[in-house]
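Structure first, then comments.
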Amino acid sequence: MRIFVYGSLRRKQGNSHWMTNAQLLGQHSVADYQLYSLGHYPGAVPGKGTVHGEVYRVDAATMAELDELRTKAGEYARHLIQTPYGSAWMYVYQRPVDGLPLIESGDWLDKDQY
């Protein structure tokens with residue numbers, strides 16, 4: 001299975017260690033989403049924008065660990081998206097974003113600008 005990551009799971013980011021057993025397939029950008037800063041990590045929600053990230057191939061055990069990390073408290077839900085590498089899961093933020101900083105570039109690596 002594949003997963004699109006756009007924040008702290010990306011290479012050289014705070015939670016990238018969760019991707020140790022994953023195979024990087026390449027870069028990808030997802031249209032019709034906006035990226036918000038939640039502090040130490042971002043949340044993507046449907047909207048007028050583009051979110052930039054990476055697509056990985058992961059095994060079932062890694063996916064289960066990521067689900068535990070991301071969906072346990074209902075903060076995110078997995079949505080299936082299309083990428084040049086095939087369909088991939090993307091974690092979409094489920095809580096209100098009112099008052100949160102919008103990352104206009106859609107790239108978490110630009111977070112220091114916000």
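All residue names refer to the structure tokens as shown: chains lettered A, B, ... in order, residues numbered from 1 in each chain, ligands numbered from 1 in order.
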Non-local contacts of A:Thr62 (10 Å; only C-alpha atoms; under 4 positions in same chain excluded) as a compact mmCIF listing (two decimals) with all heavy atoms, in the first residue's frame:
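After the write, result-v5.txt holds the following:
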```
# COMPACT_ATOMS: atom_id res chain seq x y z
N TRP A 18 9.22 7.12 11.80
CA TRP A 18 8.12 6.18 11.59
C TRP A 18 8.16 5.60 10.18
O TRP A 18 7.53 4.58 9.91
CB TRP A 18 6.77 6.87 11.81
CG TRP A 18 6.49 7.21 13.23
CD1 TRP A 18 6.73 8.39 13.85
CD2 TRP A 18 5.95 6.34 14.23
NE1 TRP A 18 6.35 8.32 15.18
CE2 TRP A 18 5.87 7.07 15.42
CE3 TRP A 18 5.51 5.01 14.21
CZ2 TRP A 18 5.38 6.52 16.61
CZ3 TRP A 18 5.01 4.48 15.38
CH2 TRP A 18 4.95 5.22 16.56
N MET A 19 8.90 6.24 9.29
CA MET A 19 8.95 5.82 7.88
C MET A 19 10.21 5.01 7.57
O MET A 19 10.52 4.76 6.40
CB MET A 19 8.89 7.06 6.98
CG MET A 19 7.69 7.96 7.23
SD MET A 19 6.11 7.11 7.06
CE MET A 19 6.05 6.95 5.29
N THR A 20 10.92 4.55 8.58
CA THR A 20 12.18 3.82 8.39
C THR A 20 12.04 2.64 7.45
O THR A 20 12.91 2.39 6.62
CB THR A 20 12.73 3.35 9.76
OG1 THR A 20 12.89 4.50 10.59
CG2 THR A 20 14.04 2.62 9.62
N ASN A 21 10.94 1.89 7.56
CA ASN A 21 10.75 0.70 6.73
C ASN A 21 9.97 0.99 5.44
O ASN A 21 9.60 0.08 4.73
CB ASN A 21 10.04 -0.39 7.52
CG ASN A 21 10.90 -0.88 8.67
OD1 ASN A 21 12.11 -0.98 8.54
ND2 ASN A 21 10.28 -1.18 9.79
N ALA A 22 9.74 2.26 5.16
CA ALA A 22 8.97 2.65 3.97
C ALA A 22 9.90 2.93 2.81
O ALA A 22 11.06 3.32 2.99
CB ALA A 22 8.13 3.88 4.28
N ARG A 57 5.77 3.69 -0.28
CA ARG A 57 5.18 2.37 -0.20
C ARG A 57 5.45 1.87 1.22
O ARG A 57 6.59 1.96 1.70
CB ARG A 57 5.82 1.41 -1.21
CG ARG A 57 5.26 -0.01 -1.10
CD ARG A 57 5.74 -0.92 -2.22
NE ARG A 57 5.02 -0.55 -3.44
CZ ARG A 57 5.59 -0.12 -4.55
NH1 ARG A 57 6.91 0.03 -4.62
NH2 ARG A 57 4.87 0.17 -5.62
N VAL A 58 4.41 1.42 1.90
CA VAL A 58 4.54 0.94 3.28
C VAL A 58 3.91 -0.45 3.40
O VAL A 58 3.02 -0.80 2.63
CB VAL A 58 3.87 1.90 4.29
CG1 VAL A 58 4.57 3.24 4.30
CG2 VAL A 58 2.40 2.07 4.02
N LEU A 66 1.07 3.94 11.84
CA LEU A 66 0.71 5.30 11.46
C LEU A 66 -0.74 5.60 11.81
O LEU A 66 -1.07 6.69 12.28
CB LEU A 66 0.96 5.53 9.97
CG LEU A 66 2.43 5.47 9.54
CD1 LEU A 66 2.53 5.58 8.03
CD2 LEU A 66 3.25 6.54 10.24
N ASP A 67 -1.62 4.62 11.61
CA ASP A 67 -3.02 4.80 12.01
C ASP A 67 -3.14 5.04 13.50
O ASP A 67 -3.90 5.90 13.95
CB ASP A 67 -3.86 3.58 11.62
CG ASP A 67 -4.27 3.59 10.16
OD1 ASP A 67 -4.12 4.63 9.48
OD2 ASP A 67 -4.74 2.54 9.68
N GLU A 68 -2.38 4.30 14.27
CA GLU A 68 -2.39 4.47 15.73
C GLU A 68 -1.92 5.88 16.10
O GLU A 68 -2.50 6.54 16.95
CB GLU A 68 -1.50 3.42 16.39
CG GLU A 68 -1.45 3.48 17.89
CD GLU A 68 -2.72 3.02 18.58
OE1 GLU A 68 -3.56 2.37 17.94
OE2 GLU A 68 -2.86 3.32 19.78
```
Please list as a compact mmCIF listing (two decimals) with N, CA and C atoms, in the first residue's frame every residue within 12 Å of A:Asn15, counting only C-alpha atoms and excluding residues in the same chain fewer than 5 positions away.
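Listed below is the output, part.txt:
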```txt
# COMPACT_ATOMS: atom_id res chain seq x y z
N VAL A 5 2.49 11.62 2.50
CA VAL A 5 2.76 12.35 3.74
C VAL A 5 3.18 13.77 3.41
N TYR A 6 2.74 14.72 4.23
CA TYR A 6 2.97 16.13 3.91
C TYR A 6 3.54 16.94 5.06
N GLY A 7 3.81 16.31 6.19
CA GLY A 7 4.27 17.07 7.35
C GLY A 7 5.42 16.42 8.07
N SER A 8 5.19 16.08 9.33
CA SER A 8 6.26 15.59 10.21
C SER A 8 6.73 14.19 9.84
N LEU A 9 6.03 13.49 8.95
CA LEU A 9 6.47 12.17 8.50
C LEU A 9 7.42 12.25 7.30
N ARG A 10 7.57 13.43 6.71
CA ARG A 10 8.46 13.61 5.57
C ARG A 10 9.91 13.44 5.98
N THR A 20 10.92 4.55 8.58
CA THR A 20 12.18 3.82 8.39
C THR A 20 12.04 2.64 7.45
N HIS A 40 3.48 21.75 16.05
CA HIS A 40 4.63 20.93 15.69
C HIS A 40 4.38 20.06 14.47
N TYR A 41 3.20 20.12 13.92
CA TYR A 41 2.86 19.33 12.74
C TYR A 41 1.68 19.99 12.05
N PRO A 42 1.43 19.64 10.78
CA PRO A 42 0.35 20.30 10.04
C PRO A 42 -0.90 19.44 9.93
N LEU A 66 1.07 3.94 11.84
CA LEU A 66 0.71 5.30 11.46
C LEU A 66 -0.74 5.60 11.81
N LEU A 69 -0.89 6.34 15.42
CA LEU A 69 -0.33 7.66 15.67
C LEU A 69 -1.29 8.77 15.26
N ARG A 70 -1.94 8.62 14.11
CA ARG A 70 -2.71 9.71 13.51
C ARG A 70 -4.22 9.66 13.74
```
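Near stretch 43-54 of chain A, within a cut-off of 7 Å and counting only C-alpha atoms, sit the residues Phe4, Val5, Tyr6, Arg10, Gly26, Gln27, His28, Ser29, Val30, Ala31, Asp32, Tyr33, Gln34, Leu35, Tyr36, Ser37, Leu38, Val92, Tyr93, Gly106 and Asp107 of chain A, with same-chain residues fewer than 3 positions away left out.
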### Message
I'd like the contact shell of A:Ala88 - 8 Å cut-off, only C-alpha atoms, skipping same-chain residues fewer than 6 positions apart - returned as number ranges by chain.
### Response
A: 1-4, 55, 80-82
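Distances here use only C-alpha atoms; by that measure, the residue among A:Ala77, A:Gln13, A:Leu109, A:Glu104 closest to A:Trp89 is A:Ala77.
Going from atom CA of A:Arg78 to atom CA of A:Val97 covers 17.6 Å.
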### Query
Quick one: DSSP helix (DSSP H, G or I) residues in chain A, as a ChimeraX atom specification?
/A:16-19,60-71,108-113
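Distance annotation: of A:Arg95, A:Lys12, A:Lys72, A:His79, the residue with the minimal separation from A:Trp108 is A:Lys12; atom set is only C-alpha atoms.
Here atom CA of A:Tyr85 stands at a distance of 23.9 Å from atom CA of A:Thr71.
Each of A:Leu24, A:Glu75, A:Gly39, A:Pro84 was compared to A:Tyr56 using only C-alpha atoms, and A:Leu24 turns out to be the nearest.
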### Summary
Taken to one decimal, the atom CA of A:Ser105-atom CA of A:Glu65 distance is 28.8 Å
